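Undergrad: Below is the file protein_27.txt, which contains compact mmCIF, C-alpha atoms.
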# COMPACT_ATOMS: atom_id res chain seq x y z
CA MET A 1447 -11.22 43.83 -64.64
CA ALA A 1448 -8.26 41.43 -64.84
CA ASP A 1449 -7.83 38.45 -62.54
CA ARG A 1450 -7.27 39.99 -59.11
CA THR A 1451 -5.03 37.05 -58.14
CA ASP A 1452 -2.51 37.81 -60.91
CA PRO A 1453 -1.26 41.41 -60.67
CA GLU A 1454 2.01 40.50 -62.42
CA ARG A 1455 0.23 39.58 -65.63
CA ALA A 1456 -2.18 42.53 -65.49
CA ILE A 1457 0.67 45.00 -65.01
CA ALA A 1458 2.66 43.47 -67.88
CA GLU A 1459 -0.31 43.57 -70.25
CA ALA A 1460 -1.22 47.16 -69.35
CA ALA A 1461 2.40 48.23 -69.67
CA ALA A 1462 2.61 46.76 -73.17
CA ARG A 1463 -0.65 48.42 -74.26
CA CYS A 1464 0.14 51.83 -72.78
CA SER A 1465 3.88 52.17 -73.30
CA ASN A 1466 5.23 55.51 -74.52
CA TRP A 1467 8.82 54.29 -74.59
CA GLY A 1468 10.67 55.93 -77.48
CA ARG A 1469 7.75 58.21 -78.36
CA TRP A 1470 9.82 61.36 -77.80
CA GLY A 1471 13.21 59.86 -78.50
CA GLU A 1472 15.66 57.86 -76.43
CA ASN A 1473 16.90 60.92 -74.53
CA ASP A 1474 13.51 62.15 -73.33
CA VAL A 1475 13.26 63.49 -69.77
CA LEU A 1476 9.74 64.98 -69.78
CA GLY A 1477 7.38 62.10 -70.50
CA THR A 1478 3.77 63.20 -70.98
CA VAL A 1479 4.67 66.81 -70.18
CA ASN A 1480 5.76 66.82 -73.84
CA PHE A 1481 2.05 67.13 -74.64
CA ILE A 1482 2.10 70.71 -73.32
CA ASP A 1483 3.22 73.02 -76.11
CA GLU A 1484 3.12 76.77 -76.70
CA ALA A 1485 -0.33 76.63 -78.27
CA LYS A 1486 -1.65 74.70 -75.29
CA ARG A 1487 -0.33 77.32 -72.88
CA ARG A 1488 -1.89 80.14 -74.92
CA GLU A 1489 -5.19 78.27 -74.83
CA ALA A 1490 -4.86 77.86 -71.08
CA ALA A 1491 -3.95 81.51 -70.47
CA ALA A 1492 -7.11 82.59 -72.31
CA LEU A 1493 -9.17 80.84 -69.63
CA VAL A 1494 -8.29 83.52 -67.08
CA ARG A 1495 -11.35 85.77 -67.12
CA LEU A 1496 -12.17 86.60 -63.50
CA GLY A 1497 -8.64 87.06 -62.22
CA VAL A 1498 -9.24 84.83 -59.18
CA SER A 1499 -6.57 82.39 -58.05
CA PHE A 1500 -6.50 79.28 -55.89
CA SER A 1501 -3.60 77.54 -54.20
CA LEU A 1502 -4.04 73.79 -54.50
CA SER A 1503 -1.43 73.05 -51.86
CA GLN A 1504 -1.72 71.90 -48.31
CA ARG A 1505 0.30 73.85 -45.78
CA PHE A 1506 3.75 72.48 -45.07
CA ASP A 1507 3.92 72.22 -41.29
CA ALA A 1508 4.14 69.76 -38.38
CA ASP A 1509 0.38 69.13 -38.52
CA GLY A 1510 0.64 67.19 -41.76
CA PRO A 1511 -0.45 63.77 -42.98
CA GLN A 1512 2.78 61.83 -42.51
CA LYS A 1513 3.39 59.31 -39.73
CA GLY A 1514 6.82 57.92 -40.51
CA TRP A 1515 6.22 55.21 -43.11
CA ARG A 1516 9.39 54.79 -45.22
CA ARG A 1517 10.94 57.56 -43.13
CA ARG A 1518 8.45 60.11 -44.43
CA THR A 1519 7.88 62.70 -41.75
CA ASN A 1520 6.12 66.04 -41.64
CA PRO A 1521 8.23 69.17 -42.15
CA VAL A 1522 10.46 70.38 -39.32
CA HIS A 1523 10.61 74.17 -39.41
CA THR A 1524 13.33 75.83 -37.32
CA MET A 1525 14.06 79.51 -36.80
CA THR A 1526 17.75 80.39 -36.95
CA ASP A 1527 17.26 84.12 -36.28
CA THR A 1528 14.22 85.70 -34.64
CA GLY A 1529 12.81 88.96 -33.36
CA LEU A 1530 14.05 87.95 -29.92
CA ASP A 1531 17.58 87.89 -31.28
CA ALA A 1532 17.09 91.33 -32.79
CA VAL A 1533 15.62 92.88 -29.64
CA HIS A 1534 17.59 91.09 -26.93
CA GLY A 1535 20.74 89.89 -28.66
CA ASP A 1536 23.42 91.20 -30.92
CA GLN A 1537 22.95 90.18 -34.53
CA GLY A 1538 25.94 92.24 -35.52
CA PHE A 1539 24.19 94.59 -37.94
CA PRO A 1540 24.70 98.37 -37.99
CA HIS A 1541 22.15 101.18 -37.48
CA GLY A 1542 19.51 99.06 -35.78
CA PHE A 1543 19.04 96.64 -38.65
CA GLY A 1544 17.57 93.28 -37.64
CA GLY A 1545 16.06 90.27 -39.29
CA ALA A 1546 14.84 86.71 -39.13
CA ASP A 1547 15.86 83.52 -40.93
CA ASP A 1548 14.67 79.95 -40.93
CA VAL A 1549 15.36 76.48 -42.29
CA ILE A 1550 13.14 73.52 -43.07
CA ALA A 1551 13.88 69.80 -43.16
CA MET A 1552 11.42 67.49 -44.85
CA PRO A 1553 11.03 64.59 -47.26
CA LEU A 1554 10.30 65.94 -50.72
CA GLN A 1555 7.07 63.93 -50.90
CA CYS A 1556 5.66 64.67 -47.45
CA SER A 1557 2.74 66.82 -48.64
CA THR A 1558 1.39 68.33 -51.88
CA GLN A 1559 3.84 67.07 -54.47
CA TRP A 1560 4.69 65.68 -57.88
CA ASP A 1561 6.04 62.17 -58.41
CA GLY A 1562 9.00 62.52 -60.75
CA LEU A 1563 9.76 60.11 -63.57
CA GLY A 1564 12.50 58.49 -61.50
CA HIS A 1565 10.19 57.67 -58.61
CA ILE A 1566 8.81 54.28 -59.71
CA PHE A 1567 10.38 51.35 -61.61
CA ASP A 1568 9.00 48.22 -63.26
CA HIS A 1569 11.20 45.15 -62.98
CA GLY A 1570 14.29 47.32 -62.73
CA ARG A 1571 13.34 49.60 -65.61
CA ALA A 1572 12.73 53.33 -65.31
CA TRP A 1573 10.93 55.68 -67.70
CA ASN A 1574 11.72 55.08 -71.37
CA GLY A 1575 13.10 51.61 -70.64
CA ARG A 1576 16.31 52.75 -69.00
CA PRO A 1577 17.97 50.50 -66.38
CA ALA A 1578 16.92 51.90 -63.02
CA ASP A 1579 20.42 51.53 -61.56
CA LYS A 1580 21.77 53.79 -64.30
CA VAL A 1581 19.09 56.41 -63.69
CA VAL A 1582 18.80 56.78 -59.93
CA THR A 1583 21.84 56.28 -57.68
CA SER A 1584 22.87 57.58 -54.28
CA GLU A 1585 23.65 60.84 -56.07
CA GLY A 1586 20.02 61.22 -57.17
CA ASP A 1587 18.18 60.90 -60.46
CA LEU A 1588 21.00 61.42 -62.93
CA VAL A 1589 18.71 61.43 -65.99
CA THR A 1590 15.13 62.48 -65.26
CA GLY A 1591 15.62 64.64 -62.17
CA ILE A 1592 12.66 66.83 -61.25
CA GLU A 1593 14.64 69.94 -62.20
CA HIS A 1594 13.78 69.27 -65.86
CA LEU A 1595 10.13 70.06 -65.08
CA ALA A 1596 10.75 73.46 -63.48
CA ALA A 1597 9.54 75.41 -66.53
CA PRO A 1598 7.08 73.39 -68.64
CA VAL A 1599 4.34 72.39 -66.17
CA ALA A 1600 1.80 75.09 -66.98
CA SER A 1601 -1.28 74.21 -68.98
CA ARG A 1602 -5.05 73.94 -69.07
CA GLY A 1603 -6.30 72.45 -65.83
CA VAL A 1604 -9.50 70.44 -65.63
CA LEU A 1605 -11.23 69.57 -62.37
CA LEU A 1606 -13.16 66.31 -62.25
CA ASP A 1607 -14.99 66.44 -58.93
CA VAL A 1608 -15.86 62.76 -58.77
CA GLY A 1609 -16.68 63.11 -55.08
CA ARG A 1610 -19.39 65.65 -55.82
CA VAL A 1611 -20.88 63.73 -58.75
CA HIS A 1612 -20.67 60.16 -57.45
CA GLY A 1613 -20.18 60.51 -53.72
CA ASP A 1614 -22.26 61.11 -50.64
CA ASP A 1615 -22.15 64.79 -49.60
CA GLY A 1616 -19.17 65.31 -51.90
CA GLU A 1617 -17.06 62.43 -50.61
CA LEU A 1618 -16.25 58.97 -51.94
CA PRO A 1619 -15.81 56.13 -49.44
CA ASP A 1620 -12.45 54.46 -48.90
CA GLY A 1621 -11.85 51.69 -51.42
CA PHE A 1622 -13.99 53.36 -54.10
CA ALA A 1623 -12.33 52.56 -57.44
CA ILE A 1624 -12.82 55.41 -59.91
CA THR A 1625 -13.25 53.91 -63.36
CA GLU A 1626 -13.11 55.44 -66.82
CA GLU A 1627 -16.91 55.47 -66.75
CA HIS A 1628 -16.91 57.54 -63.56
CA LEU A 1629 -14.44 59.99 -65.09
CA ALA A 1630 -16.47 60.30 -68.30
CA ALA A 1631 -19.73 60.80 -66.42
CA THR A 1632 -18.13 63.44 -64.20
CA ALA A 1633 -16.76 65.32 -67.19
CA GLU A 1634 -20.18 65.23 -68.83
CA ALA A 1635 -21.85 66.48 -65.65
CA HIS A 1636 -19.38 69.35 -65.51
CA GLY A 1637 -19.74 70.18 -69.20
CA VAL A 1638 -16.03 69.82 -69.80
CA ALA A 1639 -13.86 67.62 -72.01
CA VAL A 1640 -10.44 66.20 -71.22
CA GLY A 1641 -7.80 66.38 -73.92
CA ARG A 1642 -4.20 66.43 -74.96
CA GLY A 1643 -1.85 68.36 -72.69
CA ASP A 1644 -4.38 68.87 -69.90
CA ILE A 1645 -3.54 68.61 -66.22
CA VAL A 1646 -6.45 66.68 -64.73
CA CYS A 1647 -7.29 67.24 -61.06
CA VAL A 1648 -9.47 64.49 -59.58
CA ARG A 1649 -11.21 65.36 -56.32
CA THR A 1650 -12.42 62.43 -54.21
CA GLY A 1651 -13.19 64.24 -50.95
CA ARG A 1652 -10.64 62.15 -49.01
CA LEU A 1653 -8.72 65.23 -47.86
CA THR A 1654 -11.98 66.88 -46.81
CA ARG A 1655 -12.70 63.91 -44.57
CA ALA A 1656 -9.18 63.88 -43.12
CA ARG A 1657 -9.46 67.53 -42.21
CA ARG A 1658 -12.79 66.94 -40.50
CA ASP A 1659 -12.07 63.64 -38.74
CA GLY A 1660 -8.28 63.74 -38.32
CA TRP A 1661 -5.45 62.37 -40.43
CA GLY A 1662 -5.82 58.78 -39.22
CA ASP A 1663 -4.59 56.51 -42.02
CA TYR A 1664 -4.69 59.18 -44.73
CA ALA A 1665 -1.01 58.48 -45.46
CA GLY A 1666 -0.89 54.97 -46.83
CA GLY A 1667 -4.26 53.71 -45.62
CA PRO A 1668 -7.54 52.94 -47.39
CA ALA A 1669 -8.72 55.63 -49.79
CA PRO A 1670 -10.75 56.21 -52.92
CA GLY A 1671 -8.68 56.58 -56.05
CA LEU A 1672 -8.23 55.72 -59.69
CA SER A 1673 -8.89 52.14 -60.68
CA PHE A 1674 -6.10 50.15 -62.31
CA THR A 1675 -8.44 49.91 -65.29
CA THR A 1676 -7.97 53.63 -66.00
CA ALA A 1677 -4.44 53.00 -67.32
CA GLY A 1678 -5.79 52.94 -70.87
CA TRP A 1679 -7.69 56.20 -70.33
CA LEU A 1680 -4.62 57.91 -68.89
CA HIS A 1681 -2.67 56.84 -71.97
CA ARG A 1682 -5.33 57.38 -74.63
CA THR A 1683 -6.38 60.89 -73.56
CA GLU A 1684 -2.77 62.12 -73.85
CA ILE A 1685 -3.10 64.21 -70.70
CA ALA A 1686 0.10 65.78 -69.41
CA ALA A 1687 -0.52 65.02 -65.75
CA VAL A 1688 -3.05 63.86 -63.19
CA ALA A 1689 -3.34 64.90 -59.55
CA THR A 1690 -5.63 63.83 -56.71
CA ASP A 1691 -6.45 64.84 -53.15
CA THR A 1692 -5.31 61.45 -51.87
CA TRP A 1693 -2.01 60.11 -50.58
CA GLY A 1694 -1.48 57.62 -53.37
CA PHE A 1695 -3.44 58.60 -56.52
CA GLU A 1696 -4.87 55.09 -57.01
CA VAL A 1697 -7.53 53.26 -55.02
CA ARG A 1698 -6.52 51.61 -51.78
CA PRO A 1699 -6.71 48.78 -50.95
CA ASN A 1700 -5.43 48.04 -54.42
CA GLU A 1701 -7.57 45.88 -56.68
CA PHE A 1702 -5.26 42.85 -56.69
CA ASP A 1703 -4.37 40.41 -53.97
CA GLY A 1704 -0.91 41.07 -52.60
CA ALA A 1705 -0.26 44.07 -54.83
CA PHE A 1706 1.24 47.46 -54.04
CA GLN A 1707 0.37 50.50 -56.18
CA PRO A 1708 0.13 48.64 -59.51
CA LEU A 1709 -1.20 51.67 -61.41
CA HIS A 1710 1.92 53.59 -60.43
CA GLN A 1711 3.96 50.77 -61.94
CA VAL A 1712 2.33 51.36 -65.32
CA ALA A 1713 1.67 55.11 -65.26
CA ILE A 1714 5.10 56.42 -64.33
CA PRO A 1715 7.75 54.16 -65.91
CA HIS A 1716 5.69 53.16 -68.99
CA ILE A 1717 3.29 56.00 -69.79
CA GLY A 1718 5.74 58.59 -68.47
CA LEU A 1719 2.86 60.30 -66.67
CA LEU A 1720 3.40 63.11 -64.19
CA VAL A 1721 1.47 62.21 -61.04
CA GLY A 1722 0.44 64.62 -58.29
CA GLU A 1723 -0.74 63.62 -54.84
CA MET A 1724 -2.16 65.23 -51.70
CA TRP A 1725 -3.46 68.28 -53.57
CA ASP A 1726 -6.05 70.47 -51.84
CA LEU A 1727 -8.85 70.86 -54.36
CA ASP A 1728 -11.69 71.91 -52.04
CA ALA A 1729 -11.73 75.70 -52.50
CA LEU A 1730 -11.34 75.37 -56.27
CA ALA A 1731 -14.11 72.74 -56.34
CA ALA A 1732 -16.50 75.01 -54.45
CA HIS A 1733 -15.86 77.85 -56.90
CA CYS A 1734 -16.28 75.58 -59.92
CA ALA A 1735 -19.57 74.25 -58.55
CA ALA A 1736 -20.78 77.82 -58.01
CA ASP A 1737 -20.00 79.16 -61.47
CA GLY A 1738 -20.17 75.93 -63.47
CA VAL A 1739 -16.70 76.40 -65.00
CA TYR A 1740 -14.38 73.44 -64.46
CA GLU A 1741 -11.44 74.53 -66.63
CA PHE A 1742 -8.71 77.01 -65.72
CA PHE A 1743 -5.09 77.96 -66.21
CA LEU A 1744 -2.88 75.86 -63.96
CA ALA A 1745 0.78 76.54 -63.15
CA ALA A 1746 2.40 73.82 -61.07
CA ALA A 1747 6.17 74.02 -61.25
CA PRO A 1748 8.10 71.71 -58.93
CA LEU A 1749 11.05 72.99 -56.93
CA PRO A 1750 14.06 72.38 -59.20
CA VAL A 1751 15.91 70.18 -56.73
CA THR A 1752 18.67 68.69 -58.83
CA GLY A 1753 18.36 64.93 -59.08
CA ALA A 1754 15.17 64.68 -57.02
CA VAL A 1755 12.58 62.00 -57.80
CA GLY A 1756 9.74 64.10 -56.40
CA SER A 1757 9.11 67.64 -55.30
CA PRO A 1758 6.84 69.82 -53.19
CA VAL A 1759 4.62 72.07 -55.27
CA ASN A 1760 2.24 74.97 -54.73
CA PRO A 1761 -0.08 74.58 -57.73
CA LEU A 1762 -1.89 77.77 -58.68
CA ALA A 1763 -5.19 77.66 -60.54
CA PHE A 1764 -6.41 80.85 -62.24
CA LYS A 1765 -9.98 81.46 -63.44
What is this file in structure tokens?
TA:
Amino acid sequence: MADRTDPERAIAEAAARCSNWGRWGENDVLGTVNFIDEAKRREAAALVRLGVSFSLSQRFDADGPQKGWRRRTNPVHTMTDTGLDAVHGDQGFPHGFGGADDVIAMPLQCSTQWDGLGHIFDHGRAWNGRPADKVVTSEGDLVTGIEHLAAPVASRGVLLDVGRVHGDDGELPDGFAITEEHLAATAEAHGVAVGRGDIVCVRTGRLTRARRDGWGDYAGGPAPGLSFTTAGWLHRTEIAAVATDTWGFEVRPNEFDGAFQPLHQVAIPHIGLLVGEMWDLDALAAHCAADGVYEFFLAAAPLPVTGAVGSPVNPLAFK
């Protein structure tokens, strides 16, 4: 582990070692999602044998994890037409026709979501070395908006249930830093290998605990998560994406004094990695533990909100 008093140096060194800038050309907008090709999707589709499916999304409602930090709130769902209007009002339709409509207002990263490539910068530089002020403006992400990922994010999914392998009753304690060694041991225990183009789902058990004990500081507070030292593993394995059941993907408190999300600062703008957070992996994990199969076909398209730097997602795992 690098000197915990010098996050600036550690981030710079990891960024230099793990940079994918220019790997897919100066105009790239997909980052590590480029690792998913047609052959990879055919391989993933062949994993569907039972025909069972799992949603890896939390519900989007007022009883969510957010508590207002950086103006992130839980969804506000409002009905604009209801059955009451149809029965007791005049909706203006002929021959007894009636209906209901609704709207929702929410931050795009308030629950199960992807971090887009325009979400995090390093010293004013966005993915592929572009000046951040030329990429994301008040009009949105003008270059790497999440809409570019609407089609390609479907691949082989791999569950690494680190909580089950290394935790107590399936849960890791807050502040538990998941290292490359933990990931490798978990993969070995599951009889699965991680490779190019995979979408890796890391279960810590943090969401399980929040559901049992209440949200508390789930959003932004202490949590298990990936160690900063896994930057090399995230780069070397050539995975397409990684997702966790935690608010922030990496361990909190972070492993450096006075730092804030240093692994994000390497993974997104330098590796170009697609990062998922607040995924619900419990039902899938229980099924994988029962049948011993920890690989599956995973489709996880973001909403194609033009210019967005993140998006809600309902990931679907098929076994």
Undergrad: What's around Pro1708 of chain A at 9 Å? Count all atoms listed in the file, leave out sequence neighbours fewer than 2 positions away in its own chain, and write the answer as an NGL selection string.
TA: :A and (1453-1454 or 1456-1457 or 1674 or 1696 or 1700-1702 or 1705-1706 or 1710-1713)
Undergrad: If we count all atoms listed in the file and set the cut-off at 7 Å, which residues sit around Glu1626 of chain A, ignoring sequence neighbours fewer than 2 positions away in its own chain? Please answer as number ranges by chain.
TA: A: 1624, 1628-1630, 1676, 1679
Undergrad: What is the atom CA of Val1599 of chain A to atom CA of Thr1632 of chain A distance in Å?
TA: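 These atoms are spaced 24.3 Å apart.
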Undergrad: Taking into account all atoms listed in the file, which residue in the set A:Val1549, A:Ile1645, A:Leu1476, A:Ala1669 is nearest to Asn1574 of chain A?
TA: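 Going through A:Val1549, A:Ile1645, A:Leu1476, A:Ala1669 one by one, the smallest distance to Asn1574 of chain A is for A:Leu1476.
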Undergrad: Segment 1551-1662 of chain A near segment 1749-1762 of chain A within 12 Å: what's each residue's closest atom pair and its distance in Å to one decimal, counting all atoms listed in the file, ordered by chain then ascending residue number, as JSON lines?
TA:
{"residue": "A:Met1552", "atom": "CA", "partner": "A:Pro1758", "partner_atom": "CA", "distance": 9.8}
{"residue": "A:Pro1553", "atom": "CA", "partner": "A:Ser1757", "partner_atom": "CA", "distance": 8.8}
{"residue": "A:Leu1554", "atom": "CA", "partner": "A:Ser1757", "partner_atom": "CA", "distance": 5.0}
{"residue": "A:Gln1555", "atom": "CA", "partner": "A:Ser1757", "partner_atom": "CA", "distance": 6.1}
{"residue": "A:Cys1556", "atom": "CA", "partner": "A:Pro1758", "partner_atom": "CA", "distance": 7.8}
{"residue": "A:Ser1557", "atom": "CA", "partner": "A:Pro1758", "partner_atom": "CA", "distance": 6.8}
{"residue": "A:Thr1558", "atom": "CA", "partner": "A:Pro1758", "partner_atom": "CA", "distance": 5.8}
{"residue": "A:Gln1559", "atom": "CA", "partner": "A:Pro1758", "partner_atom": "CA", "distance": 4.3}
{"residue": "A:Trp1560", "atom": "CA", "partner": "A:Ser1757", "partner_atom": "CA", "distance": 5.5}
{"residue": "A:Asp1561", "atom": "CA", "partner": "A:Gly1756", "partner_atom": "CA", "distance": 4.6}
{"residue": "A:Gly1562", "atom": "CA", "partner": "A:Val1755", "partner_atom": "CA", "distance": 4.7}
{"residue": "A:Leu1563", "atom": "CA", "partner": "A:Val1755", "partner_atom": "CA", "distance": 6.7}
{"residue": "A:Gly1564", "atom": "CA", "partner": "A:Val1755", "partner_atom": "CA", "distance": 5.1}
{"residue": "A:His1565", "atom": "CA", "partner": "A:Val1755", "partner_atom": "CA", "distance": 5.0}
{"residue": "A:Ile1566", "atom": "CA", "partner": "A:Val1755", "partner_atom": "CA", "distance": 8.8}
{"residue": "A:Phe1567", "atom": "CA", "partner": "A:Val1755", "partner_atom": "CA", "distance": 11.5}
{"residue": "A:Ala1572", "atom": "CA", "partner": "A:Val1755", "partner_atom": "CA", "distance": 11.5}
{"residue": "A:Trp1573", "atom": "CA", "partner": "A:Val1755", "partner_atom": "CA", "distance": 11.9}
{"residue": "A:Val1581", "atom": "CA", "partner": "A:Gly1753", "partner_atom": "CA", "distance": 9.7}
{"residue": "A:Val1582", "atom": "CA", "partner": "A:Gly1753", "partner_atom": "CA", "distance": 8.2}
{"residue": "A:Thr1583", "atom": "CA", "partner": "A:Gly1753", "partner_atom": "CA", "distance": 9.4}
{"residue": "A:Ser1584", "atom": "CA", "partner": "A:Gly1753", "partner_atom": "CA", "distance": 9.9}
{"residue": "A:Glu1585", "atom": "CA", "partner": "A:Gly1753", "partner_atom": "CA", "distance": 7.3}
{"residue": "A:Gly1586", "atom": "CA", "partner": "A:Gly1753", "partner_atom": "CA", "distance": 4.5}
{"residue": "A:Asp1587", "atom": "CA", "partner": "A:Gly1753", "partner_atom": "CA", "distance": 4.3}
{"residue": "A:Leu1588", "atom": "CA", "partner": "A:Gly1753", "partner_atom": "CA", "distance": 5.8}
{"residue": "A:Val1589", "atom": "CA", "partner": "A:Gly1753", "partner_atom": "CA", "distance": 7.8}
{"residue": "A:Thr1590", "atom": "CA", "partner": "A:Gly1753", "partner_atom": "CA", "distance": 7.4}
{"residue": "A:Gly1591", "atom": "CA", "partner": "A:Gly1753", "partner_atom": "CA", "distance": 4.1}
{"residue": "A:Ile1592", "atom": "CA", "partner": "A:Ala1754", "partner_atom": "CA", "distance": 5.4}
{"residue": "A:Glu1593", "atom": "CA", "partner": "A:Pro1750", "partner_atom": "CA", "distance": 3.9}
{"residue": "A:His1594", "atom": "CA", "partner": "A:Pro1750", "partner_atom": "CA", "distance": 7.4}
{"residue": "A:Leu1595", "atom": "CA", "partner": "A:Pro1750", "partner_atom": "CA", "distance": 7.4}
{"residue": "A:Ala1596", "atom": "CA", "partner": "A:Pro1750", "partner_atom": "CA", "distance": 5.5}
{"residue": "A:Ala1597", "atom": "CA", "partner": "A:Pro1750", "partner_atom": "CA", "distance": 9.1}
{"residue": "A:Pro1598", "atom": "CA", "partner": "A:Pro1750", "partner_atom": "CA", "distance": 11.8}
{"residue": "A:Val1599", "atom": "CA", "partner": "A:Pro1761", "partner_atom": "CA", "distance": 9.8}
{"residue": "A:Ala1600", "atom": "CA", "partner": "A:Pro1761", "partner_atom": "CA", "distance": 9.5}
{"residue": "A:Ser1601", "atom": "CA", "partner": "A:Leu1762", "partner_atom": "CA", "distance": 10.9}
{"residue": "A:Arg1602", "atom": "CA", "partner": "A:Leu1762", "partner_atom": "CA", "distance": 11.5}
{"residue": "A:Gly1603", "atom": "CA", "partner": "A:Leu1762", "partner_atom": "CA", "distance": 9.9}
{"residue": "A:Ile1645", "atom": "CA", "partner": "A:Pro1761", "partner_atom": "CA", "distance": 10.9}
{"residue": "A:Cys1647", "atom": "CA", "partner": "A:Pro1761", "partner_atom": "CA", "distance": 10.8}
Undergrad: Using all atoms listed in the file for the distances, tell me which of A:Gly1575, A:Pro1540, A:Gly1471, A:Gly1643 is nearest to Arg1488 of chain A.
TA: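 Of all the options, A:Gly1643 lies closest to Arg1488 of chain A.
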Undergrad: Pick out the closest residue to Leu1727 of chain A from this set: A:Asn1473, A:Asn1520, A:Thr1690, A:Ser1673. Count all atoms listed in the file.
TA: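 Checking each of A:Asn1473, A:Asn1520, A:Thr1690, A:Ser1673 against Leu1727 of chain A, counting all atoms listed in the file, the winner is A:Thr1690.
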Undergrad: Out of A:His1541, A:Leu1653, A:Pro1699, A:Val1640, which residue has the shortest atom-to-atom distance to Arg1682 of chain A when counting all atoms listed in the file?
TA: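 Nearest to Arg1682 of chain A: A:Val1640.
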Undergrad: Point out the residue among A:Ala1461, A:Val1648, A:Val1498, A:Val1522 with the least atom-to-atom distance to Asp1726 of chain A, counting only C-alpha atoms.
TA: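 Residue with the minimum atom-to-atom distance to Asp1726 of chain A: A:Val1648.
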Undergrad: Give the answer as one residue: which of A:Asp1737, A:Glu1459, A:Asp1607, A:Glu1723 has the shortest atom-to-atom distance to Ala1635 of chain A, using only C-alpha atoms?
TA: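 That would be A:Asp1607, the residue with the smallest distance to Ala1635 of chain A.
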Undergrad: Could you pull the residues within 12 Å of Asp1531 of chain A, counting all atoms listed in the file, minus those fewer than 6 positions along the same chain, as a PyMOL selection string?
TA: chain A and resi 1525+1537-1539+1543-1547
Undergrad: Any idea what the distance is between atom CA of Phe1695 of chain A and atom CA of Ala1735 of chain A?
TA: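 According to the coordinates, atom CA of Phe1695 of chain A and atom CA of Ala1735 of chain A are separated by 22.6 Å.
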Undergrad: Which residues come within 12 Å of Arg1642 of chain A, counting all atoms listed in the file, excluding same-chain residues fewer than 6 positions away, as a VMD selection string?
TA: chain A and resid 1478 to 1483 1485 to 1487 1489 1601 to 1604 1679 to 1687
